[in-house]
$ cat final_3.csv   # CSV, C-alpha atoms
chain,number,residue,atom,x,y,z
A,1,MET,CA,0.0,0.0,0.0
A,2,VAL,CA,1.4,3.4,-1.0
A,3,GLU,CA,1.8,5.8,1.9
A,4,SER,CA,-0.6,8.8,2.0
A,5,ARG,CA,0.2,12.4,2.6
A,6,LEU,CA,-3.1,12.8,4.4
A,7,ILE,CA,-3.7,11.8,8.0
A,8,GLY,CA,-7.5,11.4,7.7
A,9,PRO,CA,-10.2,10.6,8.2
A,10,VAL,CA,-11.6,12.2,5.1
A,11,ARG,CA,-15.4,12.8,4.8
A,12,VAL,CA,-16.8,12.7,1.3
A,13,VAL,CA,-20.3,14.1,0.8
A,14,GLY,CA,-21.9,12.9,-2.4
A,15,ALA,CA,-21.3,9.3,-3.5
A,16,GLY,CA,-21.6,9.8,-7.3
A,17,LEU,CA,-18.9,9.4,-9.8
A,18,LEU,CA,-16.4,11.9,-8.3
A,19,GLY,CA,-17.2,11.2,-4.7
A,20,THR,CA,-16.9,7.4,-5.1
A,21,SER,CA,-13.7,7.8,-7.2
A,22,ILE,CA,-12.2,10.0,-4.5
A,23,GLY,CA,-13.1,7.4,-1.8
A,24,LEU,CA,-11.7,4.5,-3.8
A,25,GLY,CA,-8.4,6.4,-4.5
A,26,LEU,CA,-8.0,7.3,-0.8
A,27,ARG,CA,-8.9,3.8,0.4
A,28,ASN,CA,-6.1,2.4,-1.8
A,29,ARG,CA,-3.8,4.5,0.3
A,30,GLY,CA,-5.2,3.3,3.6
A,31,ILE,CA,-7.1,6.5,4.5
A,32,ASP,CA,-10.3,6.2,6.6
A,33,VAL,CA,-13.0,7.5,4.3
A,34,ILE,CA,-16.5,8.5,5.6
A,35,LEU,CA,-19.2,8.6,3.0
A,36,ALA,CA,-22.5,10.5,3.0
A,37,ASP,CA,-25.2,10.9,0.4
A,38,ALA,CA,-28.8,12.1,0.3
A,39,SER,CA,-29.6,8.8,-1.6
A,40,PRO,CA,-29.4,5.7,0.6
A,41,THR,CA,-29.0,3.6,-2.5
A,42,ASN,CA,-26.0,5.5,-3.8
A,43,LEU,CA,-24.5,5.5,-0.4
A,44,SER,CA,-25.0,1.7,0.0
A,45,ILE,CA,-23.5,1.0,-3.5
A,46,ALA,CA,-20.4,3.1,-2.8
A,47,VAL,CA,-19.9,1.5,0.6
A,48,ASP,CA,-20.3,-2.0,-1.0
A,49,TYR,CA,-17.9,-1.0,-3.7
A,50,GLY,CA,-15.2,-0.3,-1.1
A,51,ALA,CA,-15.1,3.5,-1.4
A,52,GLY,CA,-15.5,4.1,2.4
A,53,ARG,CA,-17.8,3.6,5.4
A,54,VAL,CA,-21.0,5.1,6.7
A,55,GLY,CA,-20.4,7.9,9.2
A,56,ALA,CA,-20.6,7.3,13.0
A,57,PRO,CA,-21.0,9.5,16.1
A,58,GLY,CA,-17.7,11.1,17.1
A,59,ASP,CA,-16.2,11.2,13.6
A,60,ALA,CA,-13.7,14.0,13.4
A,61,PRO,CA,-12.6,14.3,9.8
A,62,GLN,CA,-9.4,16.1,8.9
A,63,LEU,CA,-10.8,17.1,5.5
A,64,ILE,CA,-14.3,17.2,3.9
A,65,VAL,CA,-14.8,16.9,0.2
A,66,VAL,CA,-18.3,18.0,-1.0
A,67,CYS,CA,-19.3,16.4,-4.3
A,68,VAL,CA,-22.8,17.5,-4.9
A,69,PRO,CA,-24.6,19.4,-7.8
A,70,PRO,CA,-23.6,23.1,-8.2
A,71,ASP,CA,-26.9,24.5,-7.2
A,72,VAL,CA,-26.6,23.0,-3.6
A,73,THR,CA,-22.8,23.2,-3.3
A,74,ALA,CA,-22.7,26.3,-1.1
A,75,GLU,CA,-25.6,25.1,1.1
A,76,ILE,CA,-23.8,21.7,1.8
A,77,VAL,CA,-20.4,23.3,2.3
A,78,ALA,CA,-21.9,25.7,4.9
A,79,ARG,CA,-23.6,22.8,6.7
A,80,GLU,CA,-20.4,20.8,6.8
A,81,LEU,CA,-18.4,23.8,8.1
A,82,GLU,CA,-20.8,24.2,10.9
A,83,ALA,CA,-21.1,20.5,11.8
A,84,PHE,CA,-17.3,20.0,11.8
A,85,PRO,CA,-15.6,23.1,13.2
A,86,ASN,CA,-12.1,21.6,13.0
A,87,ALA,CA,-12.2,20.3,9.5
A,88,ILE,CA,-11.0,21.9,6.2
A,89,VAL,CA,-13.7,21.8,3.6
A,90,THR,CA,-13.4,21.8,-0.2
A,91,ASP,CA,-15.8,21.1,-3.1
A,92,VAL,CA,-15.4,19.8,-6.6
A,93,ALA,CA,-18.1,21.9,-8.4
A,94,SER,CA,-17.1,23.1,-11.9
A,95,VAL,CA,-17.7,26.7,-10.9
A,96,LYS,CA,-15.8,28.4,-8.1
A,97,LEU,CA,-16.8,32.1,-7.8
A,98,ALA,CA,-20.5,31.6,-7.1
A,99,PRO,CA,-20.2,29.1,-4.2
A,100,LEU,CA,-17.6,31.3,-2.5
A,101,ALA,CA,-19.8,34.4,-2.9
A,102,GLU,CA,-22.8,32.6,-1.5
A,103,LEU,CA,-20.8,31.2,1.4
A,104,ARG,CA,-19.7,34.8,2.3
A,105,ALA,CA,-23.2,36.0,2.0
A,106,ARG,CA,-24.3,33.3,4.4
A,107,GLY,CA,-21.6,34.3,6.9
A,108,ALA,CA,-19.9,30.9,6.7
A,109,ASP,CA,-16.4,30.5,8.0
A,110,VAL,CA,-14.6,30.6,4.7
A,111,SER,CA,-11.2,30.6,6.6
A,112,ARG,CA,-11.6,26.8,6.5
A,113,TYR,CA,-13.0,26.6,3.0
A,114,ILE,CA,-11.3,26.6,-0.4
A,115,GLY,CA,-12.9,25.5,-3.6
A,116,SER,CA,-11.3,23.0,-6.0
A,117,HIS,CA,-12.2,21.4,-9.3
A,118,PRO,CA,-10.8,18.1,-10.8
A,119,LEU,CA,-11.0,18.2,-14.6
A,120,ALA,CA,-11.8,14.5,-14.9
A,121,GLY,CA,-14.9,12.5,-15.6
A,122,ARG,CA,-16.5,9.7,-17.5
A,123,GLU,CA,-19.4,9.3,-19.9
A,124,ARG,CA,-21.4,7.6,-17.2
A,125,GLY,CA,-22.2,8.9,-13.7
A,126,GLY,CA,-23.1,7.3,-10.4
A,127,PRO,CA,-21.1,5.2,-7.9
A,128,LEU,CA,-20.9,2.2,-10.2
A,129,ALA,CA,-18.8,4.3,-12.6
A,130,GLY,CA,-16.3,5.2,-9.9
A,131,ARG,CA,-12.6,4.5,-10.5
A,132,ALA,CA,-9.6,4.8,-8.1
A,133,ASP,CA,-7.5,6.1,-11.0
A,134,LEU,CA,-10.0,8.6,-12.4
A,135,PHE,CA,-7.8,11.6,-11.5
A,136,VAL,CA,-4.4,10.3,-12.4
A,137,GLY,CA,-2.6,12.8,-14.6
A,138,ARG,CA,-5.6,15.1,-14.7
A,139,PRO,CA,-5.5,18.8,-13.8
A,140,TRP,CA,-7.1,19.6,-10.4
A,141,VAL,CA,-7.6,23.3,-9.8
A,142,VAL,CA,-7.3,24.9,-6.3
A,143,ALA,CA,-9.1,28.2,-6.3
A,144,ALA,CA,-7.4,30.1,-3.5
A,145,HIS,CA,-8.8,33.2,-1.8
A,146,ASP,CA,-7.5,35.7,0.8
A,147,ALA,CA,-9.4,34.3,3.8
A,148,ILE,CA,-7.6,31.0,4.0
A,149,SER,CA,-3.9,30.5,4.7
A,150,TYR,CA,-1.5,28.3,2.8
A,151,GLN,CA,-1.0,26.1,5.8
A,152,GLN,CA,-4.7,25.4,6.2
A,153,ALA,CA,-5.0,24.5,2.5
A,154,THR,CA,-2.2,22.0,2.7
A,155,ALA,CA,-4.7,19.1,3.3
A,156,ILE,CA,-6.3,19.8,-0.1
A,157,ASP,CA,-3.0,19.8,-1.8
A,158,ASP,CA,-2.2,16.5,-0.2
A,159,LEU,CA,-5.6,15.1,-1.4
A,160,ILE,CA,-4.8,16.1,-4.9
A,161,LEU,CA,-1.3,14.6,-4.9
A,162,ASP,CA,-2.5,11.4,-3.2
A,163,LEU,CA,-5.0,10.8,-6.0
A,164,GLY,CA,-2.3,11.3,-8.7
A,165,ALA,CA,-3.7,14.5,-10.1
A,166,ILE,CA,-1.8,17.6,-11.2
A,167,LEU,CA,-2.3,20.5,-8.8
A,168,VAL,CA,-3.1,23.9,-10.6
A,169,GLU,CA,-3.4,27.1,-8.6
A,170,MET,CA,-5.9,29.8,-9.9
A,171,THR,CA,-8.1,32.4,-8.5
A,172,PRO,CA,-11.9,31.7,-8.6
A,173,GLU,CA,-12.2,34.3,-11.3
A,174,GLU,CA,-9.4,32.8,-13.4
A,175,HIS,CA,-10.9,29.4,-13.0
A,176,ASP,CA,-14.4,30.3,-14.1
A,177,ARG,CA,-13.2,32.3,-17.1
A,178,GLY,CA,-10.9,29.3,-18.0
A,179,VAL,CA,-13.5,26.6,-17.8
A,180,ALA,CA,-16.0,28.8,-19.7
A,181,LEU,CA,-13.6,28.8,-22.6
A,182,ILE,CA,-12.4,25.1,-22.5
A,183,SER,CA,-15.5,23.4,-21.2
A,184,HIS,CA,-18.7,25.4,-20.9
A,185,VAL,CA,-18.8,27.1,-24.3
A,186,PRO,CA,-17.7,23.9,-26.1
A,187,GLN,CA,-20.7,22.2,-24.4
A,188,VAL,CA,-23.1,24.9,-25.8
A,189,VAL,CA,-21.5,24.8,-29.3
A,190,SER,CA,-21.7,21.0,-29.3
A,191,THR,CA,-25.3,21.0,-28.2
A,192,ILE,CA,-26.4,23.5,-30.9
A,193,MET,CA,-24.6,21.5,-33.6
A,194,ALA,CA,-26.3,18.3,-32.3
A,195,ARG,CA,-29.7,19.9,-32.4
A,196,ARG,CA,-29.2,20.3,-36.2
A,197,LEU,CA,-29.3,16.5,-36.4
A,198,THR,CA,-32.8,16.0,-34.9
A,199,ASP,CA,-34.6,16.6,-38.1
A,200,ALA,CA,-31.8,15.6,-40.5
A,201,PRO,CA,-32.7,12.9,-43.1
A,202,GLY,CA,-31.3,9.4,-42.4
A,203,SER,CA,-29.5,9.5,-45.7
A,204,ALA,CA,-27.3,12.4,-44.4
A,205,LEU,CA,-26.8,10.8,-40.9
A,206,ASN,CA,-25.5,7.6,-42.6
A,207,LEU,CA,-22.6,9.7,-44.0
A,208,ALA,CA,-21.5,10.8,-40.5
A,209,GLY,CA,-17.9,10.2,-39.7
A,210,GLN,CA,-15.6,10.8,-36.8
A,211,GLY,CA,-15.5,14.6,-37.3
A,212,LEU,CA,-19.2,15.0,-36.5
A,213,ARG,CA,-18.9,12.5,-33.6
A,214,ASP,CA,-16.1,14.5,-32.2
A,215,VAL,CA,-18.0,17.8,-32.4
A,216,THR,CA,-21.2,16.4,-30.9
A,217,ARG,CA,-19.8,13.9,-28.3
A,218,VAL,CA,-20.4,16.1,-25.3
A,219,ALA,CA,-23.9,17.0,-26.4
A,220,ALA,CA,-25.0,13.8,-24.8
A,221,SER,CA,-24.3,15.2,-21.3
A,222,ASP,CA,-26.9,15.6,-18.6
A,223,PRO,CA,-29.1,18.7,-19.3
A,224,GLU,CA,-30.1,19.1,-15.7
A,225,LEU,CA,-26.5,19.4,-14.6
A,226,TRP,CA,-25.6,21.7,-17.4
A,227,VAL,CA,-28.4,24.1,-16.6
A,228,GLN,CA,-26.9,24.5,-13.2
A,229,ILE,CA,-23.3,24.9,-14.5
A,230,LEU,CA,-24.2,27.4,-17.1
A,231,GLY,CA,-26.4,29.4,-14.8
A,232,ALA,CA,-23.6,29.6,-12.2
A,233,ASN,CA,-21.1,30.7,-14.8
A,234,ALA,CA,-23.4,32.7,-17.1
A,235,GLN,CA,-21.4,35.9,-17.6
A,236,PRO,CA,-18.1,34.4,-18.7
A,237,VAL,CA,-19.9,32.0,-21.0
A,238,ARG,CA,-22.0,34.8,-22.4
A,239,ASP,CA,-19.0,37.0,-23.1
A,240,ILE,CA,-17.3,34.2,-25.1
A,241,LEU,CA,-20.5,33.3,-27.0
A,242,LEU,CA,-21.0,37.0,-28.0
A,243,ALA,CA,-17.4,37.0,-29.4
A,244,TYR,CA,-18.2,33.6,-31.0
A,245,ARG,CA,-21.3,35.1,-32.7
A,246,GLU,CA,-19.1,37.8,-34.2
A,247,ASP,CA,-16.8,35.2,-35.6
A,248,LEU,CA,-19.7,33.2,-37.0
A,249,ASP,CA,-21.2,36.4,-38.6
A,250,ARG,CA,-17.9,37.0,-40.4
A,251,PHE,CA,-17.9,33.5,-41.7
A,252,ILE,CA,-21.5,33.8,-42.8
A,253,ASP,CA,-20.9,37.1,-44.6
A,254,ALA,CA,-17.9,35.6,-46.4
A,255,LEU,CA,-20.0,32.7,-47.7
A,256,ALA,CA,-22.9,35.0,-48.8
A,257,GLU,CA,-21.1,35.6,-52.1
A,258,PRO,CA,-18.2,33.0,-52.2
A,259,THR,CA,-17.1,34.2,-55.7
A,260,ALA,CA,-16.9,37.9,-54.7
A,261,PRO,CA,-13.4,39.5,-54.5
A,262,GLY,CA,-11.7,38.7,-51.2
A,263,ALA,CA,-14.4,36.2,-50.0
A,264,ARG,CA,-12.2,33.2,-50.3
A,265,ARG,CA,-9.3,35.0,-48.6
A,266,LYS,CA,-11.7,35.8,-45.6
A,267,VAL,CA,-12.7,32.1,-45.4
A,268,ALA,CA,-9.0,31.0,-45.5
A,269,GLU,CA,-8.1,33.5,-42.8
A,270,GLU,CA,-10.9,32.1,-40.5
A,271,LEU,CA,-9.8,28.5,-41.2
A,272,SER,CA,-6.1,29.5,-40.6
A,273,GLY,CA,-7.1,31.1,-37.3
A,274,GLY,CA,-8.6,27.7,-36.3
A,275,ASN,CA,-5.3,26.0,-37.2
A,276,ALA,CA,-3.4,28.5,-35.0
A,277,GLY,CA,-5.7,27.8,-32.1
A,278,VAL,CA,-5.4,24.1,-32.3
A,279,ALA,CA,-1.6,24.4,-32.5
A,280,ARG,CA,-1.7,26.0,-29.1
A,281,LEU,CA,-3.3,23.0,-27.4
A,282,PRO,CA,-0.8,21.1,-25.3
A,283,GLY,CA,-0.2,17.5,-26.6
A,284,LYS,CA,1.2,14.5,-24.8
A,285,HIS,CA,3.0,15.4,-21.5
A,286,GLY,CA,2.0,19.0,-22.1
A,287,GLN,CA,4.2,19.4,-25.1
A,288,ASP,CA,3.2,21.5,-28.1
A,289,ARG,CA,4.9,19.2,-30.6
A,290,ARG,CA,2.6,18.0,-33.4
A,291,PHE,CA,2.3,14.4,-34.4
A,292,ALA,CA,1.7,12.7,-37.7
A,293,SER,CA,-1.1,10.2,-38.2
A,294,PHE,CA,-2.1,7.4,-40.5
A,295,ILE,CA,-5.1,5.0,-40.7
A,296,VAL,CA,-5.0,1.3,-40.4
A,297,MET,CA,-8.1,-0.7,-41.6
A,298,ILE,CA,-8.9,-3.5,-39.1
A,299,ASP,CA,-11.4,-6.3,-39.2
A,300,ASP,CA,-14.3,-5.9,-36.8
A,301,ARG,CA,-13.5,-9.0,-34.7
A,302,PRO,CA,-12.0,-9.6,-31.2
A,303,GLY,CA,-8.3,-9.2,-30.7
A,304,GLN,CA,-7.5,-7.0,-33.7
A,305,ILE,CA,-6.8,-3.8,-31.8
A,306,ALA,CA,-4.7,-5.7,-29.2
A,307,GLN,CA,-2.7,-7.3,-32.0
A,308,LEU,CA,-2.1,-4.0,-33.9
A,309,LEU,CA,-0.9,-2.2,-30.7
A,310,ASN,CA,1.3,-5.2,-29.8
A,311,GLU,CA,3.0,-5.1,-33.3
A,312,ILE,CA,3.5,-1.3,-33.1
A,313,GLY,CA,5.3,-1.9,-29.8
A,314,GLN,CA,7.4,-4.8,-31.3
A,315,LEU,CA,8.5,-2.3,-34.0
A,316,GLY,CA,9.9,0.0,-31.3
A,317,VAL,CA,7.6,2.9,-32.1
A,318,ASN,CA,5.9,4.9,-29.3
A,319,MET,CA,2.2,5.5,-30.1
A,320,GLU,CA,1.2,9.0,-29.1
A,321,ASP,CA,-2.5,8.8,-29.6
A,322,LEU,CA,-5.2,6.4,-30.9
A,323,ARG,CA,-8.7,7.1,-32.3
A,324,LEU,CA,-11.2,4.5,-33.5
A,325,GLU,CA,-14.0,4.8,-36.0
A,326,HIS,CA,-16.3,2.3,-37.6
A,327,SER,CA,-16.9,2.3,-41.4
A,328,PRO,CA,-20.7,2.7,-41.9
A,329,GLY,CA,-22.2,-0.4,-43.5
A,330,ALA,CA,-18.9,-2.4,-43.5
A,331,GLN,CA,-17.5,-4.9,-41.0
A,332,ILE,CA,-14.2,-3.0,-40.7
A,333,GLY,CA,-12.9,-0.4,-38.3
A,334,LEU,CA,-10.5,2.5,-38.9
A,335,ALA,CA,-7.7,3.0,-36.4
A,336,GLU,CA,-6.1,6.4,-36.6
A,337,ILE,CA,-2.6,6.1,-35.1
A,338,SER,CA,-0.6,9.2,-34.2
A,339,VAL,CA,3.2,8.9,-33.9
A,340,LEU,CA,6.2,11.2,-34.3
A,341,PRO,CA,6.5,12.4,-37.9
A,342,GLU,CA,9.9,10.8,-38.5
A,343,ALA,CA,8.4,7.3,-37.6
A,344,VAL,CA,5.5,7.4,-40.0
A,345,PHE,CA,7.2,6.0,-43.1
A,346,ARG,CA,9.0,3.2,-41.5
A,347,LEU,CA,6.0,2.2,-39.4
A,348,THR,CA,3.5,2.1,-42.3
A,349,GLU,CA,6.0,0.1,-44.4
A,350,GLU,CA,6.6,-2.4,-41.6
A,351,LEU,CA,2.9,-2.8,-40.8
A,352,ALA,CA,2.0,-3.2,-44.5
A,353,ALA,CA,4.7,-5.9,-44.8
A,354,ARG,CA,3.0,-7.7,-41.9
A,355,GLY,CA,-0.4,-7.7,-43.7
A,356,TRP,CA,-2.0,-4.7,-42.2
A,357,ARG,CA,-4.0,-2.5,-44.6
A,358,ILE,CA,-3.0,1.1,-44.6
A,359,ALA,CA,-5.8,3.4,-45.8
A,360,GLY,CA,-4.8,5.8,-48.5
$ encode --input "final_3.csv" --output "C-alpha cells"
Amino acid sequence: MVESRLIGPVRVVGAGLLGTSIGLGLRNRGIDVILADASPTNLSIAVDYGAGRVGAPGDAPQLIVVCVPPDVTAEIVARELEAFPNAIVTDVASVKLAPLAELRARGADVSRYIGSHPLAGRERGGPLAGRADLFVGRPWVVAAHDAISYQQATAIDDLILDLGAILVEMTPEEHDRGVALISHVPQVVSTIMARRLTDAPGSALNLAGQGLRDVTRVAASDPELWVQILGANAQPVRDILLAYREDLDRFIDALAEPTAPGARRKVAEELSGGNAGVARLPGKHGQDRRFASFIVMIDDRPGQIAQLLNEIGQLGVNMEDLRLEHSPGAQIGLAEISVLPEAVFRLTEELAARGWRIAG
C-alpha cells in the first residue's frame, strides 16, 4: 500500500462518480473515508464498492470533500463547516466564484474553505462508474482566496497529490473564465450542432464520420447538470458566446457571395485562425509538438486492436494517440494512429509488410 500524505479521516459528501472515485483512491492509500449521500441507494452501493464507510457518532474528519450538484454546493459546504468546526472543507463543483460568494453572503467560516475542481470525468455517472485512478494525470484546480492560509489549505494539496492529479493554482475568477472557454462554451456549441441532427434525413446521418462525432460527443451530457453549471457561470460563458457570434457572422458574410473578390481570402483566414488555435493546445505530456497520423483498416472482430498495438510496440515505435472509427455499412474499423512524424514512413512500411491494410 502506498503511503498517504493525508492523515485522515476524510469525509466525502456525495457518492456519485467523483465522490466514489475519491473514496476509492484514498482507500487504496489506507485512508479512513467516511461517506455521506442524500440517496441511501447511492451510499450503499459506494460502501459495498469499497469507497468508504458510513459515518458514525464522534467522527472528526481532517478534510471534507463536497461532491454535490452546483446548485446546492454552497448550502452543503456551509452545513459541513458548521457541523465539523475543526475540518478543512473543499468542493469539486465546476464553478468556483458563485459558491464562494454565496458562502460569504451566508456568513460561513470561509477561513476553513477553499474550492477546488478536478477536470476529470466519464461518460457515465453514479457510484458504479467510480474508479480509483480517475484523477491520475488530470489537472485539479485549487481556487485560492485571501481568507484561507496556505498552511490550512495543505490538506487539499495532499488530497490532490494522493490521487495522482496535477495541482493547478488559480483564483476563482481565473478558473471560471478558463472553464468557460475550454469546457462550458464547447458544451453549448456541441449542443447547438447536435440539435441540427434532430430533423436531419437518415441519408445524411448515414454519412456521419468521426469529425461529426467529435464535435457532438459532449452534447449527450446531462441537461439538468448543465443548466446548473451554465447558470452559475453565465457571464463568462455569455462573453465568449458573444465573441463567437461575431466570428460566426464574419464566416456567414464571407459565404454569402463566395465568388466575390476577397471572399475566399476571408474564409481562408478564418480557417487558418482555427489552425493556430489548435496548435496552441498542449499535446502529450503538455508538449506543443505536433504528431503525424495514418489510418489502419482492421477487421471488426475480437483481438484485432490488441494485435495491432502489440505489433507497433514490437517495431519499437511509441504511439502518441489512438482514435477508432467504424466504417458505416462495413465490417471494418478504422484506427487512426498518431506517432512522431519521423516514424510514419518506417512504421507504415513495416505494418503493410505484416499484412495490415493502410488506408490511403
$ atom_distance --input "final_3.csv" --atom1 "atom CA of Arg265 of chain A" --atom2 "atom CA of Asp247 of chain A"
15.0 Å
$ residues_around --input "final_3.csv" --residues "Arg217 of chain A" --least-positions-apart "5" --cutoff "12 Å" --atoms "all atoms listed in the file" --output "number ranges by chain"
A: 123, 186-194, 210-212
$ residues_around --input "final_3.csv" --residues "Arg11 of chain A" --least-positions-apart "6" --cutoff "10 Å" --atoms "all atoms listed in the file" --output "VMD selection string"
chain A and resid 19 23 32 to 36 52 to 55 59 to 66 80 87 89
$ closest_residue --input "final_3.csv" --among "A:Ser149, A:Thr20, A:Ser183, A:Asn206" --to "Tyr113 of chain A" --atoms "only C-alpha atoms"
A:Ser149
$ residues_near_point --input "final_3.csv" --point "(-20.9, 34.3, -26.0)" --cutoff "12 Å" --atoms "only C-alpha atoms" --output "PyMOL selection string"
chain A and resi 177+180-181+184-186+188-189+230+233-248
$ residues_around --input "final_3.csv" --residues "Ala254 of chain A" --least-positions-apart "2" --cutoff "8 Å" --atoms "all atoms listed in the file" --output "PDB file with C-alpha atoms, in the frame of the given file"
ATOM      1  CA  ARG A 250     -17.900  37.000 -40.400  1.00  0.00           C
ATOM      2  CA  PHE A 251     -17.900  33.500 -41.700  1.00  0.00           C
ATOM      3  CA  ILE A 252     -21.500  33.800 -42.800  1.00  0.00           C
ATOM      4  CA  ALA A 256     -22.900  35.000 -48.800  1.00  0.00           C
ATOM      5  CA  GLU A 257     -21.100  35.600 -52.100  1.00  0.00           C
ATOM      6  CA  PRO A 258     -18.200  33.000 -52.200  1.00  0.00           C
ATOM      7  CA  ALA A 263     -14.400  36.200 -50.000  1.00  0.00           C
ATOM      8  CA  ARG A 264     -12.200  33.200 -50.300  1.00  0.00           C
ATOM      9  CA  LYS A 266     -11.700  35.800 -45.600  1.00  0.00           C
ATOM     10  CA  VAL A 267     -12.700  32.100 -45.400  1.00  0.00           C
TER      11      VAL A 267
END
$ residues_around --input "final_3.csv" --residues "Ile156 of chain A" --least-positions-apart "5" --cutoff "10 Å" --atoms "only C-alpha atoms" --output "list of chain:residue names"
A:Leu6, A:Leu63, A:Ile64, A:Val65, A:Ile88, A:Val89, A:Thr90, A:Ile114, A:Gly115, A:Ser116, A:Val142, A:Leu161, A:Asp162, A:Leu167
$ atom_distance --input "final_3.csv" --atom1 "atom CA of Thr41 of chain A" --atom2 "atom CA of Arg27 of chain A"
20.3 Å
$ residues_around --input "final_3.csv" --residues "Glu102 of chain A" --least-positions-apart "5" --cutoff "10 Å" --atoms "all atoms listed in the file" --output "mmCIF file with C-alpha atoms, in the frame of the given file"
data_model
loop_
_atom_site.group_PDB
_atom_site.id
_atom_site.type_symbol
_atom_site.label_atom_id
_atom_site.label_comp_id
_atom_site.auth_asym_id
_atom_site.auth_seq_id
_atom_site.Cartn_x
_atom_site.Cartn_y
_atom_site.Cartn_z
ATOM 1 C CA THR A 73 -22.800 23.200 -3.300
ATOM 2 C CA ALA A 74 -22.700 26.300 -1.100
ATOM 3 C CA GLU A 75 -25.600 25.100 1.100
ATOM 4 C CA ALA A 78 -21.900 25.700 4.900
ATOM 5 C CA LEU A 97 -16.800 32.100 -7.800
ATOM 6 C CA GLY A 107 -21.600 34.300 6.900
ATOM 7 C CA ALA A 108 -19.900 30.900 6.700
#
$ atom_distance --input "final_3.csv" --atom1 "atom CA of Val227 of chain A" --atom2 "atom CA of Pro69 of chain A"
10.7 Å
$ closest_residue --input "final_3.csv" --among "A:Ile229, A:Glu169, A:Ile76, A:Val92" --to "Arg106 of chain A" --atoms "only C-alpha atoms"
A:Ile76
$ closest_residue --input "final_3.csv" --among "A:His326, A:Arg29, A:His145, A:Arg346" --to "Val110 of chain A" --atoms "only C-alpha atoms"
A:His145
$ closest_residue --input "final_3.csv" --among "A:Gly8, A:Leu119, A:Ala101, A:Gly130" --to "Pro172 of chain A" --atoms "only C-alpha atoms"
A:Ala101
$ residues_near_point --input "final_3.csv" --point "(-17.6, 22.8, -11.4)" --cutoff "8 Å" --atoms "only C-alpha atoms" --output "list of chain:residue names"
A:Pro70, A:Val92, A:Ala93, A:Ser94, A:Val95, A:Lys96, A:His117, A:Ile229
$ decode --input "final_3.csv" --residues "segment 249-264 of chain A" --atoms "N, CA and C atoms" --output "PDB file, in the first residue's frame"
ATOM      1  N   ASP A 249     -20.636  35.390 -37.614  1.00  0.00           N
ATOM      2  CA  ASP A 249     -21.184  36.367 -38.563  1.00  0.00           C
ATOM      3  C   ASP A 249     -20.179  36.672 -39.680  1.00  0.00           C
ATOM      4  N   ARG A 250     -18.898  36.771 -39.332  1.00  0.00           N
ATOM      5  CA  ARG A 250     -17.878  37.012 -40.365  1.00  0.00           C
ATOM      6  C   ARG A 250     -17.840  35.860 -41.353  1.00  0.00           C
ATOM      7  N   PHE A 251     -17.936  34.648 -40.856  1.00  0.00           N
ATOM      8  CA  PHE A 251     -17.922  33.470 -41.725  1.00  0.00           C
ATOM      9  C   PHE A 251     -19.153  33.470 -42.633  1.00  0.00           C
ATOM     10  N   ILE A 252     -20.306  33.770 -42.055  1.00  0.00           N
ATOM     11  CA  ILE A 252     -21.548  33.794 -42.830  1.00  0.00           C
ATOM     12  C   ILE A 252     -21.479  34.853 -43.927  1.00  0.00           C
ATOM     13  N   ASP A 253     -20.968  36.024 -43.578  1.00  0.00           N
ATOM     14  CA  ASP A 253     -20.854  37.102 -44.564  1.00  0.00           C
ATOM     15  C   ASP A 253     -19.926  36.705 -45.710  1.00  0.00           C
ATOM     16  N   ALA A 254     -18.839  36.022 -45.376  1.00  0.00           N
ATOM     17  CA  ALA A 254     -17.881  35.613 -46.410  1.00  0.00           C
ATOM     18  C   ALA A 254     -18.488  34.579 -47.352  1.00  0.00           C
ATOM     19  N   LEU A 255     -19.413  33.760 -46.827  1.00  0.00           N
ATOM     20  CA  LEU A 255     -20.032  32.713 -47.651  1.00  0.00           C
ATOM     21  C   LEU A 255     -21.252  33.210 -48.426  1.00  0.00           C
ATOM     22  N   ALA A 256     -21.695  34.432 -48.122  1.00  0.00           N
ATOM     23  CA  ALA A 256     -22.879  34.957 -48.816  1.00  0.00           C
ATOM     24  C   ALA A 256     -22.638  35.065 -50.314  1.00  0.00           C
ATOM     25  N   GLU A 257     -21.454  35.510 -50.699  1.00  0.00           N
ATOM     26  CA  GLU A 257     -21.073  35.578 -52.107  1.00  0.00           C
ATOM     27  C   GLU A 257     -19.660  34.996 -52.224  1.00  0.00           C
ATOM     28  N   PRO A 258     -19.544  33.673 -52.277  1.00  0.00           N
ATOM     29  CA  PRO A 258     -18.228  33.031 -52.236  1.00  0.00           C
ATOM     30  C   PRO A 258     -17.322  33.373 -53.411  1.00  0.00           C
ATOM     31  N   THR A 259     -17.892  33.865 -54.509  1.00  0.00           N
ATOM     32  CA  THR A 259     -17.055  34.218 -55.664  1.00  0.00           C
ATOM     33  C   THR A 259     -16.687  35.702 -55.679  1.00  0.00           C
ATOM     34  N   ALA A 260     -17.187  36.462 -54.703  1.00  0.00           N
ATOM     35  CA  ALA A 260     -16.872  37.897 -54.664  1.00  0.00           C
ATOM     36  C   ALA A 260     -15.395  38.100 -54.351  1.00  0.00           C
ATOM     37  N   PRO A 261     -14.815  39.197 -54.821  1.00  0.00           N
ATOM     38  CA  PRO A 261     -13.402  39.465 -54.536  1.00  0.00           C
ATOM     39  C   PRO A 261     -13.136  39.485 -53.029  1.00  0.00           C
ATOM     40  N   GLY A 262     -12.137  38.740 -52.610  1.00  0.00           N
ATOM     41  CA  GLY A 262     -11.738  38.710 -51.206  1.00  0.00           C
ATOM     42  C   GLY A 262     -12.486  37.716 -50.347  1.00  0.00           C
ATOM     43  N   ALA A 263     -13.581  37.113 -50.854  1.00  0.00           N
ATOM     44  CA  ALA A 263     -14.388  36.202 -50.036  1.00  0.00           C
ATOM     45  C   ALA A 263     -13.601  34.955 -49.645  1.00  0.00           C
ATOM     46  N   ARG A 264     -12.920  34.371 -50.624  1.00  0.00           N
ATOM     47  CA  ARG A 264     -12.151  33.165 -50.316  1.00  0.00           C
ATOM     48  C   ARG A 264     -11.002  33.465 -49.348  1.00  0.00           C
TER      49      ARG A 264
END
